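Text of work34.txt (compact mmCIF, C-alpha atoms) as supplied:
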```txt
# COMPACT_ATOMS: atom_id res chain seq x y z
CA MET A 1 29.32 -2.02 23.96
CA TYR A 2 30.56 -5.23 22.37
CA ASP A 3 32.62 -5.16 19.19
CA VAL A 4 30.55 -6.78 16.43
CA ARG A 5 33.68 -8.39 14.96
CA LEU A 6 34.34 -10.18 18.24
CA LEU A 7 30.75 -11.42 18.32
CA GLN A 8 31.21 -12.80 14.81
CA VAL A 9 34.26 -14.73 16.02
CA LEU A 10 32.24 -16.21 18.91
CA ARG A 11 29.53 -17.31 16.49
CA GLU A 12 32.02 -18.98 14.15
CA ILE A 13 33.62 -20.88 17.02
CA ALA A 14 30.22 -22.15 18.14
CA LEU A 15 29.33 -23.06 14.56
CA ARG A 16 32.66 -24.73 13.62
CA GLY A 17 33.45 -26.37 16.96
CA SER A 18 37.11 -25.33 17.13
CA PHE A 19 39.37 -22.29 17.08
CA SER A 20 41.25 -23.57 14.03
CA ALA A 21 38.09 -24.12 11.96
CA ALA A 22 36.78 -20.69 12.94
CA ALA A 23 40.12 -19.13 12.02
CA GLU A 24 40.01 -20.77 8.58
CA ALA A 25 36.42 -19.62 7.96
CA LEU A 26 37.29 -16.05 8.93
CA SER A 27 40.71 -16.02 7.18
CA TYR A 28 42.41 -15.38 10.54
CA THR A 29 45.26 -17.17 12.27
CA GLN A 30 44.40 -19.39 15.20
CA PRO A 31 46.30 -17.17 17.68
CA ALA A 32 44.34 -14.17 16.40
CA VAL A 33 41.05 -15.97 17.12
CA SER A 34 42.25 -16.88 20.63
CA GLN A 35 43.24 -13.27 21.27
CA GLN A 36 39.87 -11.96 20.12
CA ILE A 37 37.92 -14.39 22.33
CA ALA A 38 40.11 -13.38 25.27
CA ARG A 39 39.33 -9.74 24.51
CA LEU A 40 35.58 -10.49 24.32
CA GLU A 41 35.74 -12.32 27.67
CA ARG A 42 37.44 -9.31 29.24
CA GLN A 43 34.63 -7.09 27.93
CA ALA A 44 31.98 -9.50 29.23
CA GLY A 45 33.70 -10.11 32.56
CA VAL A 46 32.97 -13.86 32.39
CA THR A 47 34.33 -16.95 30.69
CA LEU A 48 32.56 -17.57 27.42
CA VAL A 49 34.42 -20.60 26.00
CA ASP A 50 35.58 -23.73 27.84
CA ARG A 51 38.68 -25.32 26.34
CA THR A 52 38.70 -29.10 27.03
CA PRO A 53 40.75 -32.03 25.67
CA ARG A 54 37.70 -33.04 23.64
CA GLY A 55 37.38 -29.60 22.07
CA ILE A 56 35.65 -26.39 22.96
CA LYS A 57 32.17 -25.62 24.16
CA LEU A 58 30.39 -22.46 25.15
CA THR A 59 29.72 -21.77 28.80
CA PRO A 60 26.17 -20.81 29.85
CA ALA A 61 27.28 -17.18 29.59
CA GLY A 62 28.68 -17.86 26.13
CA GLN A 63 25.44 -19.51 25.03
CA ALA A 64 23.41 -16.54 26.31
CA LEU A 65 25.63 -14.08 24.47
CA LEU A 66 25.45 -16.21 21.32
CA ARG A 67 21.65 -16.09 21.33
CA ARG A 68 21.76 -12.29 21.45
CA THR A 69 24.54 -12.25 18.89
CA GLU A 70 22.40 -14.09 16.32
CA ARG A 71 19.66 -11.47 16.69
CA VAL A 72 22.10 -8.57 16.50
CA LEU A 73 23.85 -9.90 13.40
CA ALA A 74 20.50 -10.67 11.73
CA GLU A 75 19.32 -7.10 12.34
CA LEU A 76 22.58 -5.69 11.03
CA GLN A 77 22.29 -7.81 7.90
CA ALA A 78 18.70 -6.65 7.40
CA ALA A 79 19.82 -3.04 7.81
CA GLU A 80 22.60 -3.55 5.29
CA ASP A 81 20.17 -5.10 2.79
CA GLU A 82 17.66 -2.28 3.22
CA LEU A 83 20.28 0.42 2.85
CA GLY A 84 21.54 -1.33 -0.26
CA GLU A 85 18.04 -1.24 -1.73
CA ILE A 86 17.69 2.44 -0.88
CA ALA A 87 21.06 3.24 -2.44
CA ALA A 88 20.16 1.29 -5.57
CA GLU A 89 16.89 3.21 -5.87
CA ALA A 90 18.40 6.60 -5.10
CA ARG A 91 18.50 7.44 -8.79
CA GLY A 92 15.99 4.89 -9.98
CA ARG A 93 12.27 4.90 -10.64
CA LEU A 94 9.10 3.91 -8.86
CA ARG A 95 6.32 2.32 -10.91
CA VAL A 96 2.83 3.25 -9.75
CA ALA A 97 -0.56 2.45 -11.28
CA ALA A 98 -3.88 4.11 -10.43
CA PHE A 99 -7.41 4.18 -11.78
CA SER A 100 -8.51 7.52 -13.20
CA THR A 101 -10.27 9.23 -10.27
CA ALA A 102 -7.46 8.28 -7.86
CA ALA A 103 -4.91 9.51 -10.42
CA GLY A 104 -6.58 12.92 -10.35
CA THR A 105 -6.91 13.27 -6.57
CA ILE A 106 -4.99 11.26 -3.99
CA VAL A 107 -2.07 10.31 -6.25
CA PRO A 108 -0.94 13.88 -7.13
CA GLU A 109 -0.95 14.78 -3.42
CA ALA A 110 1.11 11.70 -2.59
CA VAL A 111 3.53 12.26 -5.48
CA ALA A 112 4.11 15.89 -4.46
CA ALA A 113 5.01 14.78 -0.93
CA PHE A 114 7.14 11.91 -2.28
CA ARG A 115 9.19 14.23 -4.50
CA GLN A 116 10.05 16.37 -1.49
CA LEU A 117 11.41 13.29 0.28
CA ARG A 118 13.03 11.51 -2.70
CA PRO A 119 13.69 14.08 -5.43
CA ALA A 120 16.07 11.80 -7.33
CA VAL A 121 13.52 9.01 -7.85
CA GLU A 122 11.41 9.18 -10.98
CA VAL A 123 7.75 8.27 -10.50
CA GLU A 124 6.31 6.41 -13.48
CA LEU A 125 2.50 6.55 -13.35
CA GLN A 126 0.21 4.36 -15.44
CA LEU A 127 -3.58 4.75 -15.64
CA LEU A 128 -4.87 1.21 -15.13
CA ASP A 129 -7.97 -0.36 -13.63
CA PRO A 130 -7.39 -3.03 -10.93
CA PRO A 131 -8.11 -6.05 -13.16
CA ASP A 132 -5.12 -4.93 -15.24
CA SER A 133 -2.82 -3.42 -12.61
CA LEU A 134 -2.99 -6.16 -9.97
CA PRO A 135 -1.71 -8.98 -12.25
CA MET A 136 1.13 -6.67 -13.32
CA LEU A 137 1.93 -6.08 -9.66
CA GLY A 138 2.12 -9.82 -9.10
CA ARG A 139 4.49 -10.19 -12.05
CA GLY A 140 6.84 -7.54 -10.68
CA GLU A 141 5.99 -5.01 -13.39
CA LEU A 142 4.68 -2.46 -10.87
CA ASP A 143 5.71 -1.42 -7.36
CA ILE A 144 2.39 -0.04 -6.03
CA ALA A 145 -1.14 -0.04 -7.45
CA LEU A 146 -4.09 2.08 -6.29
CA CYS A 147 -7.18 -0.06 -6.60
CA GLU A 148 -10.78 -0.58 -5.63
CA ILE A 149 -11.51 -3.56 -3.43
CA ARG A 150 -15.19 -4.22 -4.14
CA GLY A 151 -17.47 -4.76 -7.12
CA PHE A 152 -15.29 -6.65 -9.60
CA SER A 153 -17.24 -8.63 -12.18
CA ARG A 154 -14.44 -11.13 -12.72
CA GLU A 155 -11.97 -12.78 -10.41
CA VAL A 156 -8.82 -10.73 -9.89
CA GLU A 157 -5.64 -12.60 -9.02
CA MET A 158 -4.56 -11.43 -5.54
CA GLU A 159 -2.26 -14.26 -4.41
CA GLY A 160 1.01 -12.93 -3.01
CA LEU A 161 -0.29 -9.35 -2.82
CA THR A 162 -0.96 -7.20 0.22
CA VAL A 163 -3.95 -4.87 -0.11
CA GLU A 164 -4.02 -2.04 2.44
CA HIS A 165 -7.35 -0.26 2.79
CA LEU A 166 -6.89 3.52 2.75
CA PHE A 167 -10.42 4.93 2.90
CA ASP A 168 -13.99 4.47 1.67
CA ASP A 169 -15.22 6.62 -1.21
CA PRO A 170 -19.01 7.17 -0.98
CA LEU A 171 -21.17 7.54 -4.09
CA PHE A 172 -23.53 10.51 -4.48
CA VAL A 173 -26.71 11.00 -6.44
CA SER A 174 -26.13 13.35 -9.38
CA LEU A 175 -29.29 15.02 -10.71
CA PRO A 176 -30.09 17.59 -13.43
CA GLY A 177 -30.65 21.01 -11.89
CA GLY A 178 -34.36 20.94 -12.78
CA HIS A 179 -35.04 17.45 -11.42
CA PRO A 180 -38.02 17.26 -8.99
CA LEU A 181 -35.70 15.88 -6.27
CA ALA A 182 -32.91 18.43 -6.81
CA THR A 183 -33.91 20.44 -3.73
CA ARG A 184 -33.89 17.45 -1.38
CA GLU A 185 -31.19 17.19 1.30
CA ALA A 186 -30.81 13.48 0.52
CA VAL A 187 -32.31 11.19 -2.10
CA SER A 188 -33.35 7.55 -1.79
CA LEU A 189 -32.32 5.40 -4.74
CA GLY A 190 -35.79 3.89 -4.86
CA GLU A 191 -37.16 7.32 -5.79
CA LEU A 192 -35.12 7.16 -9.01
CA CYS A 193 -36.45 3.82 -10.22
CA ASP A 194 -38.29 5.40 -13.17
CA ASP A 195 -35.41 7.65 -14.28
CA ASP A 196 -32.96 6.99 -17.06
CA TRP A 197 -29.50 6.22 -15.66
CA ILE A 198 -26.04 7.09 -16.89
CA LEU A 199 -23.63 4.27 -16.04
CA VAL A 200 -19.89 3.87 -16.39
CA THR A 201 -20.05 0.78 -18.59
CA PRO A 202 -22.81 -1.56 -19.81
CA GLY A 203 -23.14 -5.14 -18.63
CA GLY A 204 -21.34 -4.76 -15.28
CA ALA A 205 -17.91 -4.55 -16.87
CA CYS A 206 -16.35 -2.51 -14.06
CA ALA A 207 -16.44 -2.25 -10.27
CA ASP A 208 -18.25 1.12 -10.19
CA THR A 209 -21.12 -0.07 -12.37
CA ASN A 210 -21.48 -3.23 -10.28
CA ILE A 211 -21.65 -1.20 -7.06
CA VAL A 212 -24.40 0.97 -8.58
CA MET A 213 -26.32 -2.03 -9.92
CA THR A 214 -26.13 -3.80 -6.56
CA ALA A 215 -27.30 -0.72 -4.66
CA CYS A 216 -30.28 -0.25 -6.99
CA ARG A 217 -31.25 -3.92 -6.86
CA GLU A 218 -31.21 -3.79 -3.07
CA CYS A 219 -33.78 -0.98 -3.43
CA GLY A 220 -35.97 -3.22 -5.60
CA PHE A 221 -35.30 -2.09 -9.16
CA GLU A 222 -32.97 -2.53 -12.12
CA PRO A 223 -31.52 0.81 -13.27
CA ARG A 224 -32.38 1.57 -16.88
CA GLY A 225 -29.00 2.33 -18.49
CA ALA A 226 -29.69 4.94 -21.15
CA TYR A 227 -26.17 6.25 -21.64
CA PHE A 228 -22.70 4.95 -20.83
CA SER A 229 -19.36 6.67 -20.38
CA SER A 230 -16.07 5.80 -18.69
CA ASP A 231 -15.40 9.52 -18.03
CA TYR A 232 -17.03 10.95 -14.91
CA PHE A 233 -16.64 14.50 -16.21
CA ALA A 234 -18.61 13.47 -19.28
CA ILE A 235 -21.17 11.74 -17.06
CA GLN A 236 -21.70 14.99 -15.16
CA GLY A 237 -22.20 16.77 -18.48
CA LEU A 238 -24.80 14.23 -19.55
CA VAL A 239 -26.58 14.68 -16.24
CA ALA A 240 -26.53 18.47 -16.64
CA SER A 241 -28.13 18.13 -20.07
CA GLY A 242 -31.05 16.22 -18.54
CA MET A 243 -30.25 12.88 -20.16
CA GLY A 244 -30.44 10.99 -16.89
CA VAL A 245 -29.29 10.58 -13.31
CA ALA A 246 -26.12 8.94 -12.02
CA LEU A 247 -24.29 7.76 -8.94
CA VAL A 248 -20.88 9.42 -8.89
CA PRO A 249 -18.05 8.65 -6.42
CA GLY A 250 -16.73 11.40 -4.19
CA LEU A 251 -13.28 11.34 -5.82
CA ALA A 252 -14.91 12.33 -9.12
CA LEU A 253 -16.70 15.26 -7.45
CA VAL A 254 -13.76 17.14 -5.98
CA THR A 255 -14.36 19.75 -8.71
CA PRO A 256 -18.07 19.25 -9.56
CA ARG A 257 -20.15 21.15 -12.10
CA LEU A 258 -22.35 23.88 -10.69
CA ASP A 259 -25.29 23.12 -13.00
CA ILE A 260 -26.09 19.74 -11.43
CA ALA A 261 -27.42 18.81 -7.99
CA ILE A 262 -25.20 16.54 -5.90
CA LYS A 263 -27.05 14.81 -3.06
CA PRO A 264 -26.07 12.16 -0.53
CA VAL A 265 -27.86 8.82 -0.74
CA ALA A 266 -30.54 8.41 1.91
CA GLY A 267 -30.25 5.12 3.76
CA ASN A 268 -27.51 2.60 3.01
CA VAL A 269 -24.78 4.56 1.18
CA PRO A 270 -22.98 2.65 -1.60
CA GLN A 271 -19.25 3.18 -1.52
CA ARG A 272 -15.97 2.06 -3.05
CA GLY A 273 -13.11 0.79 -0.93
CA ILE A 274 -9.87 2.51 -2.00
CA ALA A 275 -6.65 0.64 -1.30
CA ALA A 276 -2.95 0.46 -2.06
CA ALA A 277 -1.69 -2.93 -3.24
CA PHE A 278 1.90 -4.15 -3.26
CA ALA A 279 3.89 -7.38 -3.34
CA GLY A 280 6.15 -8.34 -0.47
CA GLU A 281 7.37 -5.88 2.14
CA PRO A 282 7.78 -2.39 0.63
CA ILE A 283 11.19 -0.88 1.31
CA GLY A 284 13.06 2.17 0.10
CA ALA A 285 11.14 4.33 -2.36
CA ALA A 286 8.09 2.03 -2.29
CA ALA A 287 7.83 2.34 1.50
CA THR A 288 8.11 6.13 1.21
CA MET A 289 5.35 6.29 -1.41
CA LEU A 290 3.09 4.05 0.67
CA GLU A 291 3.47 6.40 3.62
CA CYS A 292 2.72 9.39 1.37
CA LEU A 293 -0.45 7.67 0.16
CA ARG A 294 -1.51 7.05 3.76
CA GLU A 295 -0.99 10.70 4.60
CA ALA A 296 -2.83 11.89 1.49
CA SER A 297 -5.75 9.58 2.35
CA VAL A 298 -6.44 11.37 5.62
CA GLY A 299 -8.16 14.26 3.82
CA TYR A 300 -10.59 11.86 2.16
CA ARG A 301 -11.74 10.18 5.38
CA ARG A 302 -14.32 12.87 6.04
CA PRO A 303 -17.24 12.46 8.45
CA GLU A 304 -19.20 14.89 6.21
CA PRO A 305 -18.39 13.88 2.61
CA LEU A 306 -20.15 16.88 1.08
CA GLN A 307 -17.74 19.44 2.53
CA ARG A 308 -16.10 19.86 -0.87
CA LEU A 309 -19.37 19.81 -2.81
CA PRO A 310 -21.73 22.67 -3.67
CA ALA A 311 -24.91 23.05 -1.66
```
Let me see the file written as structure tokens.
Amino acid sequence: MYDVRLLQVLREIALRGSFSAAAEALSYTQPAVSQQIARLERQAGVTLVDRTPRGIKLTPAGQALLRRTERVLAELQAAEDELGEIAAEARGRLRVAAFSTAAGTIVPEAVAAFRQLRPAVEVELQLLDPPDSLPMLGRGELDIALCEIRGFSREVEMEGLTVEHLFDDPLFVSLPGGHPLATREAVSLGELCDDDWILVTPGGACADTNIVMTACRECGFEPRGAYFSSDYFAIQGLVASGMGVALVPGLALVTPRLDIAIKPVAGNVPQRGIAAAFAGEPIGAAATMLECLREASVGYRRPEPLQRLPA
């Protein structure tokens, strides 16, 4: 095993072109540099530096070792930087943003696992929709943002961000208990063309509404928005009262009401893409949280999405 300090001396000699210049750069004496190169050559078993009247040059063996040395020293510097970041964060905070249904499902699971791994790091959670959280991420005001990746009605700035898809969240038909289709195993959206609809927001102001509108239009009709709410629990209540039908994402149905009928969509199932967004390469606490989010996502990648829903 080569001594890293000796490898650093070899690199400085190659860079500076002389023993004296390398000694000055390293704050050594010239004899000390000569002794260290001699020691390195003994370890290597070959001559590494040719001393000529015109100066010094590396032998082929010295050049080969130098190439490896650059990689080794670069990796050691990267390790030092990463450990410094981890140490700096050891009693710091991690800034996470999530939209509401993710904040009530995947995020708590990930945070619980994160706190086991990094108990000294404070997790600061903000409830934000992607059009608000992603620009903040780009400005360095957040570390990780849970977001949807389809259905935005306005352009969201994504330059410089990495968006890692975690899972797809299917939407389900939510019907009043007495609806004529409530006993069906699956319901086609086209069969609901004459119903009143409860939407998240009017005018396509959010991704969920746009996904619903697109799915209905592909079935040949424009959903008649009778009521609007940004709260999926309230939407389920409105459905239960008979005010209309709705498409509700699976994350909002982890604890569904028992007085409504939840049915899968027959045919092409509309769904939201759920992702974690971050800027740069996550390290330290951010890397740990990203891994916790990946692990928490596994339980939501279900081949049968109604496993958690009432029959």
Close residues, stretch 5-8 of chain A itself excluded, 7 Å, all atoms listed in the file, min 4 positions apart in chain, as a short mmCIF file (atom, residue, chain, number, x, y, z; two decimals) with C-alpha atoms, in the frame of the given file:
```cif
data_model
loop_
_atom_site.label_atom_id
_atom_site.label_comp_id
_atom_site.auth_asym_id
_atom_site.auth_seq_id
_atom_site.Cartn_x
_atom_site.Cartn_y
_atom_site.Cartn_z
CA GLU A 12 32.02 -18.98 14.15
CA GLN A 36 39.87 -11.96 20.12
CA ILE A 37 37.92 -14.39 22.33
CA LEU A 40 35.58 -10.49 24.32
CA THR A 69 24.54 -12.25 18.89
#
```
Exercise for the section: Would you mind listing what lies within 9 Å of A:Gln236 as a VMD selection string, with only C-alpha atoms counted and same-chain residues fewer than 4 positions away left out? Expected result: chain A and resid 174 to 176 231 to 232 240 to 241 245 to 246 248 256 to 257 260
Nearby residues (all atoms listed in the file) at most 12 Å from A:Leu48, same-chain spacing under 2 positions excluded, as a PDB file with C-alpha atoms, keeping the file's coordinate frame:
```
ATOM      1  CA  LEU A   6      34.340 -10.180  18.240  1.00  0.00           C
ATOM      2  CA  LEU A   7      30.750 -11.420  18.320  1.00  0.00           C
ATOM      3  CA  VAL A   9      34.260 -14.730  16.020  1.00  0.00           C
ATOM      4  CA  LEU A  10      32.240 -16.210  18.910  1.00  0.00           C
ATOM      5  CA  ARG A  11      29.530 -17.310  16.490  1.00  0.00           C
ATOM      6  CA  ILE A  13      33.620 -20.880  17.020  1.00  0.00           C
ATOM      7  CA  ALA A  14      30.220 -22.150  18.140  1.00  0.00           C
ATOM      8  CA  SER A  34      42.250 -16.880  20.630  1.00  0.00           C
ATOM      9  CA  GLN A  36      39.870 -11.960  20.120  1.00  0.00           C
ATOM     10  CA  ILE A  37      37.920 -14.390  22.330  1.00  0.00           C
ATOM     11  CA  ALA A  38      40.110 -13.380  25.270  1.00  0.00           C
ATOM     12  CA  ARG A  39      39.330  -9.740  24.510  1.00  0.00           C
ATOM     13  CA  LEU A  40      35.580 -10.490  24.320  1.00  0.00           C
ATOM     14  CA  GLU A  41      35.740 -12.320  27.670  1.00  0.00           C
ATOM     15  CA  ARG A  42      37.440  -9.310  29.240  1.00  0.00           C
ATOM     16  CA  GLN A  43      34.630  -7.090  27.930  1.00  0.00           C
ATOM     17  CA  ALA A  44      31.980  -9.500  29.230  1.00  0.00           C
ATOM     18  CA  GLY A  45      33.700 -10.110  32.560  1.00  0.00           C
ATOM     19  CA  VAL A  46      32.970 -13.860  32.390  1.00  0.00           C
ATOM     20  CA  ASP A  50      35.580 -23.730  27.840  1.00  0.00           C
ATOM     21  CA  ARG A  51      38.680 -25.320  26.340  1.00  0.00           C
ATOM     22  CA  ILE A  56      35.650 -26.390  22.960  1.00  0.00           C
ATOM     23  CA  LYS A  57      32.170 -25.620  24.160  1.00  0.00           C
ATOM     24  CA  LEU A  58      30.390 -22.460  25.150  1.00  0.00           C
ATOM     25  CA  THR A  59      29.720 -21.770  28.800  1.00  0.00           C
ATOM     26  CA  PRO A  60      26.170 -20.810  29.850  1.00  0.00           C
ATOM     27  CA  ALA A  61      27.280 -17.180  29.590  1.00  0.00           C
ATOM     28  CA  GLY A  62      28.680 -17.860  26.130  1.00  0.00           C
ATOM     29  CA  GLN A  63      25.440 -19.510  25.030  1.00  0.00           C
ATOM     30  CA  ALA A  64      23.410 -16.540  26.310  1.00  0.00           C
ATOM     31  CA  LEU A  65      25.630 -14.080  24.470  1.00  0.00           C
ATOM     32  CA  LEU A  66      25.450 -16.210  21.320  1.00  0.00           C
TER      33      LEU A  66
END
```
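Using only C-alpha atoms, the smallest distance between any of A:Glu159, A:Glu70, A:Asp169, A:Glu75 and A:Pro249 comes from A:Asp169.
One finds atom CA of A:Thr52 at 19.2 Å from atom CA of A:Ala32.
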Handout entry: For A:Asp195, the nearest of the candidates A:Cys219, A:Ile211, A:Gly242, A:Arg16, counting all atoms listed in the file
Key = A:Gly242
Problem - Selected residue of minimal separation from A:Leu258 among A:Gly190, A:Gly177, A:Arg68, A:Ala25, counting all atoms listed in the file - result: A:Gly177
Exercise for the section: For atom CA of A:Ala285 and atom CA of A:Val121, determine how far apart the two atoms are, in Å to one decimal place. Expected result: 7.6 Å
Problem - Contact residues around A:Leu142 with all atoms listed in the file at 7 Å, ignoring same-chain residues under 4 positions, as number ranges by chain - result: A: 95-96, 136-137
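Among the candidate residues A:Leu192, A:Val187, A:Val107, A:Met213, the one lying nearest to A:Gly244 is A:Leu192, with distances computed using all atoms listed in the file.
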Exercise for the section: Could you check how far atom CA of A:Ser229 sits from atom CA of A:Ala275, in Å to one decimal? Expected result: 23.7 Å
Which residues come within 12 Å of A:Arg115, counting all atoms listed in the file, excluding same-chain residues fewer than 5 positions away, as a PDB file with C-alpha atoms, in the frame of the given file?
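And here is the file that came out, result-v7.pdb:
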```pdb
ATOM      1  CA  ALA A  90      18.400   6.600  -5.100  1.00  0.00           C
ATOM      2  CA  ARG A  93      12.270   4.900 -10.640  1.00  0.00           C
ATOM      3  CA  LEU A  94       9.100   3.910  -8.860  1.00  0.00           C
ATOM      4  CA  PRO A 108      -0.940  13.880  -7.130  1.00  0.00           C
ATOM      5  CA  GLU A 109      -0.950  14.780  -3.420  1.00  0.00           C
ATOM      6  CA  ALA A 110       1.110  11.700  -2.590  1.00  0.00           C
ATOM      7  CA  ALA A 120      16.070  11.800  -7.330  1.00  0.00           C
ATOM      8  CA  VAL A 121      13.520   9.010  -7.850  1.00  0.00           C
ATOM      9  CA  GLU A 122      11.410   9.180 -10.980  1.00  0.00           C
ATOM     10  CA  VAL A 123       7.750   8.270 -10.500  1.00  0.00           C
ATOM     11  CA  ALA A 285      11.140   4.330  -2.360  1.00  0.00           C
ATOM     12  CA  THR A 288       8.110   6.130   1.210  1.00  0.00           C
ATOM     13  CA  MET A 289       5.350   6.290  -1.410  1.00  0.00           C
ATOM     14  CA  CYS A 292       2.720   9.390   1.370  1.00  0.00           C
TER      15      CYS A 292
END
```
Problem - Nearest candidate to A:Ala78 (options A:Ile283, A:Leu146, A:Ala186, A:Leu166; using only C-alpha atoms) - result: A:Ile283
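Remark: for A:Val163, the closest of the candidate residues A:Leu290, A:Leu199, A:Ala277, A:Cys147 is A:Ala277 (distances computed over all atoms listed in the file).
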